[in-house]
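Structure record follows, encoded as C-alpha cells.
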Protein chains: 2
Amino acid sequence: MTNEHDAPLTNGQQQAATQPVVMSSRIRLARNLENYVHPLMFPNEDEGHRVVNEVQDALTDLKVQRLSDMDQQSAYKLVAKHLISPDLTKQPAAAVLLNDDETVSVMVNEEDHVRIQVMGQDLSLDALYQRASEIDDQLDAEVDISYDETLGYLTTCPTNIGTGMRASVMLHLPGLSIMKRMNRIAQSINRFGFTIRGIYGEGSQVYGHVYQVSNQLTLGKSEHEIIEALTELVTQIIHEELEVRQRLLSHKENETLDRIYRSLGILKYSRRISVDEASYRLSDIKLGIDLGVLDMPAFDFNAMMIAIQSPFLIDEETTQSIEAKRAYILRQYL
Amino acid sequence: MTNEHDAPLTNGQQQAATQPVVMSSRIRLARNLENYVHPLMFPNEDEGHRVVNEVQDALTDLKVQRLSDMDQQSAYKLVAKHLISPDLTKQPAAAVLLNDDETVSVMVNEEDHVRIQVMGQDLSLDALYQRASEIDDQLDAEVDISYDETLGYLTTCPTNIGTGMRASVMLHLPGLSIMKRMNRIAQSINRFGFTIRGIYGEGSQVYGHVYQVSNQLTLGKSEHEIIEALTELVTQIIHEELEVRQRLLSHKENETLDRIYRSLGILKYSRRISVDEASYRLSDIKLGIDLGVLDMPAFDFNAMMIAIQSPFLIDEETTQSIEAKRAYILRQYL
C-alpha cells in the first residue's frame with residue numbers, strides 16, 4: 001500500500017527544480033474538530049481513529065495511510081520527504097492523507113487534529129494557499145471546525161491560534177553561508193516576525209546550506225498579509241544570496257572553484273559518507289551549476305537531498321553500512 | 001646548460017619504481033682535500049673555485065655545474081630532486097657534478113669539500129657503495145684526501161669522521177603512519193644507532209608518509225658493517241609495514257578504501273592544493289596500488305612527489321598560483 005511513496009525520486013513536488021535559491025514552498029493550515037479533545041488528550045486510540053474516519057470521509061480524493069499499518073522505515077521515508085513531521089510518527093492513531101504527486105499531505109492527529117499541507121517548487125505561496133483553502137473548505141463542509149469569532153481558528157498550541165497558517169519557503173543559501181552572513185540574516189528575519197530553521201523544522205540541523213523561512217505569528221494578520229510579507233522578505237534574501245555568489249566568483253574564484261570541484265571529486269569517489277558531508281557537497285554541486293561552473297542539467301538537488309537520508313539507505317539484504325550505501329548511490333547518480 | 005636537468009620526470013633514479021615501501025637508496029661519502037681549509041672557512045671565493053677545478057679535473061666523466069651560473073629556480077629544482085642539499089645553495093663557490101641519468105651527484109663545497117652521492121631505486125646499498133668507492137678512488141688518484149690512520153676520513157663535522165659514509169633508504173610507510181606506529185618505530189631505529197627523518201633530510205617535514213632512514217655513526221664500524229645493519233633494519237621495517245597494510249584491509253577495509261578513493265577523487269578534481277596535502281594524497285594512491293585496490297600501472301609515486309615541489313611549478317608566463325598549477329599537473333597526470 002505504501003509502495004508508491006517509497007522511492008525518493010518520484011516525488012512530484014521535487015522534480016525539475018532548476019531555479020537557484022528557492023527549493024520549495026509550503027502552506028500549512030492547522031485545524032481542529034469540535035466535539036473531540038485535542039490529540040494529545042485522547043482518552044483512547046478509538047477516539048483518534050474516529051477523527052481519522054471523519055477526515056477521510058471529508059477528503060475522499062486523498063489516499064489515507066494509518067501509521068499503525070506502516071512499518072517504521074516507511075514512516076521515516078515520509079518524514080525524509082517532508083510529507084509528515086517527525087512528531088506524527090510518535091502519535092497514537094496518527095494518519096496521513098496524500099494525493100498522487102505528493103504535493104498535498106494532510107496529517108491527522110499530530111499536535112492538532114488536522115494539518116493541511118500544500119507544497120510547490122517555487123515562490124508561489126498565493127497559489128498554494130488557494131489550494132489549501134479549497135481542501136479546508138472541503139473539510140469544513142463535512143465536519144465542525146473549532147473557530148472563535150474573535151481569535152480565529154483554535155489550535156492546541158497558542159502560537160498557531162488565529163489563521164492557523166504557517167507559510168514557509170525552503171531556501172538554498174550557500175553564498176550567505178560560506179560568507180558567514182547567516183547570523184545577520186537570521187536576526188533581521190526575526191525582527192520581521194519570521195523565523196529561520198533547518199530543513200526538518202523546529203530545532204533541526206541545517207543540512208547542505210538549506211534553510212526554511214516561515215512566519216512565527218498566526219494572529220493579528222490575515223493570511224494574505226503574512227504571505228505578502230514573507231514573499232517580500234524571501235525576495236530580498238534571494239537578491240542578497242545572488243549578489244554574494246557573484247562576489248564568490250569575482251573575489252574568491254580559486255577558492256570557490258576548488259571547493260566545487262573537490263566536492264564533485266569526493267562525491268564521485270568516496271566509499272562512505274555521512275548525511276552531513278553528503279548534503280554540503282551536494283550543495284557545492286548545486287552552487288557550481290547555478291554559477292555556470294558545472295554543466296549538469298540533470299542534477300536534481302532537491303531529490304538528492306532526500307535520497308541521501310538514512311531511511312532510503314537501509315537495505316536488509318546486504319551488510320553494507322548506511323554510509324557505504326549513501327556513497328554508492330551518490331557515485332551512481334553522478 | 002641546465003636544461004637536461006630541468007624536467008622532474010626524466011630523472012633516471014626515479015623511473016619505474018614499482019615495488020612497495022622502498023622508494024630509493026643512497027650512499028654518500030664525505031671527503032675533504034688536504035691543503036685547503038674547510039669550505040665554511042674559505043678566505044675568498046677563489047679558494048673555493050680552485051677546489052671545484054681540482055674535483056672537476058679528477059672526475060672528468062661527470063658534468064659540472066657551478067651554482068653561481070645557475071638561477072635560483074634551477075638550483076631549487078636540484079634540491080627538489082635530492083641531487084643537492086638545501087645548504088649547498090647558500091654556499092659561495094658551490095658546484096655539483098652529475099652524470100646523465102642523475103644517479104651520481106657530487107657536491108663540491110657544501111659542508112665538506114666533496115660529497116659523493118650515488119642513488120638507486122631499491123635496497124641495493126652494497127652496489128651503490130661499490131659505485132661510490134670507484135668515484136672515490138678516481139678522486140683519490142688525482143687529489144690528496146684528508147685521512148687519518150686512526151680516525152679515518154676527516155670531515156668538517158665530527159659526526160662524519162671515520163668512514164665519512166652515510167647510507168640512507170627512503171621508505172614509504174603509510175601503514176605504520178596511519179596506524180600511528182611511527183613513534184615506536186623511530187625509537188627502536190634510534191636504539192640501533194640509526195635515525196629517521198623527512199624526505200629533505202635533517203629537520204625536514206615528513207611528506208606523503210615518506211621517511212629516510214640512515215646511519216647516525218660513521219666511526220668505529222666499517223662501511224660494510226653499517227650497510228649490513230641498515231639493510232637488516234630496513235628489511236624488518238618493510239616486514240612490519242606490509243603486515244600493517246594487510247590489517248588495514250582486513251580490519252579497516254571501508255575506512256581504507258574510502259581514504260584511497262577520496263584522495264583519487266580530490267587529485268582528479270581539485271583546483272588548488274598544497275604540497276603537504278598533494279603528497280599525502282599521492283601516498284594514498286600508491287598505497288591503493290600496492291594493496292591491489294587501484295589498477296594504475298603507469299603511476300610513478302617517486303616522480304610525482306618531485307613534480308609537485310614548488311620549484312617545478314613556478315611559471316612566469318602565467319599569473320596562476322603555485323597551488324593552482326600543482327592541482328593542474330596532478331589532474332593532467334591522473
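In the C-alpha cells, each chain is lettered A, B, ... as it comes, each chain's residues begin at 1, and ligands are numbered from 1 in order of appearance.
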Segment 26-117 of chain B near segment 212-219 of chain B within 12 Å: what's each residue's closest atom pair and its distance in Å to one decimal, counting only C-alpha atoms, ordered by chain then ascending residue number, as CSV?
residue,atom,partner,partner_atom,distance
B:Arg26,CA,B:Ser214,CA,9.2
B:Ile27,CA,B:Ser214,CA,9.6
B:Arg28,CA,B:Ser214,CA,10.4
B:Leu29,CA,B:Thr218,CA,10.2
B:Ala30,CA,B:Thr218,CA,10.4
B:His82,CA,B:Gln212,CA,11.9
Take the residues that were just selected and, keeping all heavy atoms, output them as a JSON list (two decimals), in the first residue's frame.
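Result written to again.json:
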[["chain", "number", "residue", "atom", "x", "y", "z"],
["B", 26, "ARG", "N", 70.55, 5.40, -1.03],
["B", 26, "ARG", "CA", 71.61, 6.35, -1.35],
["B", 26, "ARG", "C", 72.82, 6.10, -0.46],
["B", 26, "ARG", "O", 72.68, 5.80, 0.72],
["B", 26, "ARG", "CB", 71.04, 7.76, -1.15],
["B", 26, "ARG", "CG", 71.92, 8.84, -0.63],
["B", 26, "ARG", "CD", 71.19, 10.16, -0.54],
["B", 26, "ARG", "NE", 70.12, 10.25, -1.50],
["B", 26, "ARG", "CZ", 69.94, 11.28, -2.34],
["B", 26, "ARG", "NH1", 70.77, 12.32, -2.30],
["B", 26, "ARG", "NH2", 68.94, 11.28, -3.17],
["B", 27, "ILE", "N", 74.00, 6.22, -1.08],
["B", 27, "ILE", "CA", 75.26, 6.20, -0.32],
["B", 27, "ILE", "C", 75.92, 7.55, -0.51],
["B", 27, "ILE", "O", 76.01, 8.06, -1.63],
["B", 27, "ILE", "CB", 76.22, 5.09, -0.82],
["B", 27, "ILE", "CG1", 75.67, 3.69, -0.50],
["B", 27, "ILE", "CG2", 77.63, 5.28, -0.27],
["B", 27, "ILE", "CD1", 75.76, 3.29, 0.96],
["B", 28, "ARG", "N", 76.34, 8.14, 0.59],
["B", 28, "ARG", "CA", 77.04, 9.42, 0.50],
["B", 28, "ARG", "C", 78.38, 9.30, 1.20],
["B", 28, "ARG", "O", 78.45, 8.81, 2.34],
["B", 28, "ARG", "CB", 76.21, 10.50, 1.19],
["B", 28, "ARG", "CG", 76.73, 11.89, 0.97],
["B", 28, "ARG", "CD", 76.49, 12.76, 2.19],
["B", 28, "ARG", "NE", 77.27, 12.31, 3.33],
["B", 28, "ARG", "CZ", 77.06, 12.71, 4.58],
["B", 28, "ARG", "NH1", 76.07, 13.51, 4.86],
["B", 28, "ARG", "NH2", 77.85, 12.28, 5.57],
["B", 29, "LEU", "N", 79.44, 9.72, 0.51],
["B", 29, "LEU", "CA", 80.77, 9.74, 1.11],
["B", 29, "LEU", "C", 81.24, 11.18, 1.25],
["B", 29, "LEU", "O", 81.23, 11.93, 0.27],
["B", 29, "LEU", "CB", 81.77, 8.96, 0.24],
["B", 29, "LEU", "CG", 81.45, 7.48, -0.04],
["B", 29, "LEU", "CD1", 82.51, 6.89, -0.98],
["B", 29, "LEU", "CD2", 81.39, 6.69, 1.27],
["B", 30, "ALA", "N", 81.62, 11.56, 2.47],
["B", 30, "ALA", "CA", 82.15, 12.92, 2.70],
["B", 30, "ALA", "C", 83.67, 12.87, 2.63],
["B", 30, "ALA", "O", 84.30, 12.03, 3.28],
["B", 30, "ALA", "CB", 81.69, 13.42, 4.06],
["B", 82, "HIS", "N", 66.60, 15.92, -4.90],
["B", 82, "HIS", "CA", 67.54, 15.31, -3.96],
["B", 82, "HIS", "C", 68.94, 15.19, -4.54],
["B", 82, "HIS", "O", 69.72, 14.34, -4.11],
["B", 82, "HIS", "CB", 67.07, 13.90, -3.53],
["B", 82, "HIS", "CG", 65.66, 13.87, -3.04],
["B", 82, "HIS", "ND1", 65.29, 14.34, -1.80],
["B", 82, "HIS", "CD2", 64.51, 13.47, -3.64],
["B", 82, "HIS", "CE1", 63.99, 14.20, -1.65],
["B", 82, "HIS", "NE2", 63.48, 13.69, -2.75]]
Would you give me, as an NGL selection string, the residues of chain A that come within 6 Å of chain B, using only C-alpha atoms?
:A and (258 or 261-262 or 265-266 or 269-271)
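For segment 2-86 of chain A, backbone-based DSSP assignment of strand (DSSP E or B) covers Val22, Met23, Ser24, Ser25, Arg26, Ile27, Arg28, Leu29, Ala30, Arg31, Leu33, Lys63, Val64, Gln65 and Arg66 of chain A.
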Measuring between only C-alpha atoms, which one of B:Gly193, B:Leu62, B:Phe301, B:Gly164 shows the shortest distance to Tyr147 of chain B?
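Once distances to Tyr147 of chain B are computed over only C-alpha atoms, the minimum belongs to B:Gly164.
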If we count only C-alpha atoms, what is near Glu228 of chain B at a cut-off of 12 Å, once residues fewer than 6 positions away on the same chain are taken out, given as a tab-separated table (two decimals) with N, CA and C atoms, in the first residue's frame?
chain	number	residue	atom	x	y	z
B	123	LEU	N	66.75	-1.53	-2.57
B	123	LEU	CA	67.58	-1.69	-1.39
B	123	LEU	C	68.88	-2.40	-1.77
B	124	SER	N	69.73	-1.68	-2.54
B	124	SER	CA	70.96	-2.30	-3.05
B	124	SER	C	72.15	-1.47	-2.60
B	125	LEU	N	72.26	-1.29	-1.28
B	125	LEU	CA	73.28	-0.40	-0.74
B	125	LEU	C	74.69	-0.87	-1.07
B	126	ASP	N	74.91	-2.18	-1.13
B	126	ASP	CA	76.24	-2.71	-1.46
B	126	ASP	C	76.70	-2.23	-2.83
B	129	TYR	N	77.41	1.42	-2.82
B	129	TYR	CA	78.67	1.72	-2.15
B	129	TYR	C	79.85	1.43	-3.07
B	167	ALA	N	74.70	6.04	4.73
B	167	ALA	CA	73.85	5.18	3.90
B	167	ALA	C	72.41	5.49	4.29
B	168	SER	N	71.56	5.71	3.31
B	168	SER	CA	70.18	6.00	3.68
B	168	SER	C	69.20	5.35	2.71
B	215	ASN	N	72.25	5.93	8.84
B	215	ASN	CA	73.13	5.72	9.99
B	215	ASN	C	73.51	7.05	10.63
B	221	LYS	N	82.83	1.62	12.99
B	221	LYS	CA	82.29	0.48	12.25
B	221	LYS	C	82.72	0.62	10.80
B	222	SER	N	82.88	-0.50	10.12
B	222	SER	CA	83.26	-0.43	8.71
B	222	SER	C	82.03	-0.10	7.87
B	234	VAL	N	66.08	-2.13	7.80
B	234	VAL	CA	65.07	-1.73	6.81
B	234	VAL	C	64.21	-2.93	6.42
B	235	THR	N	64.83	-4.09	6.29
B	235	THR	CA	64.07	-5.30	5.96
B	235	THR	C	63.00	-5.57	7.02
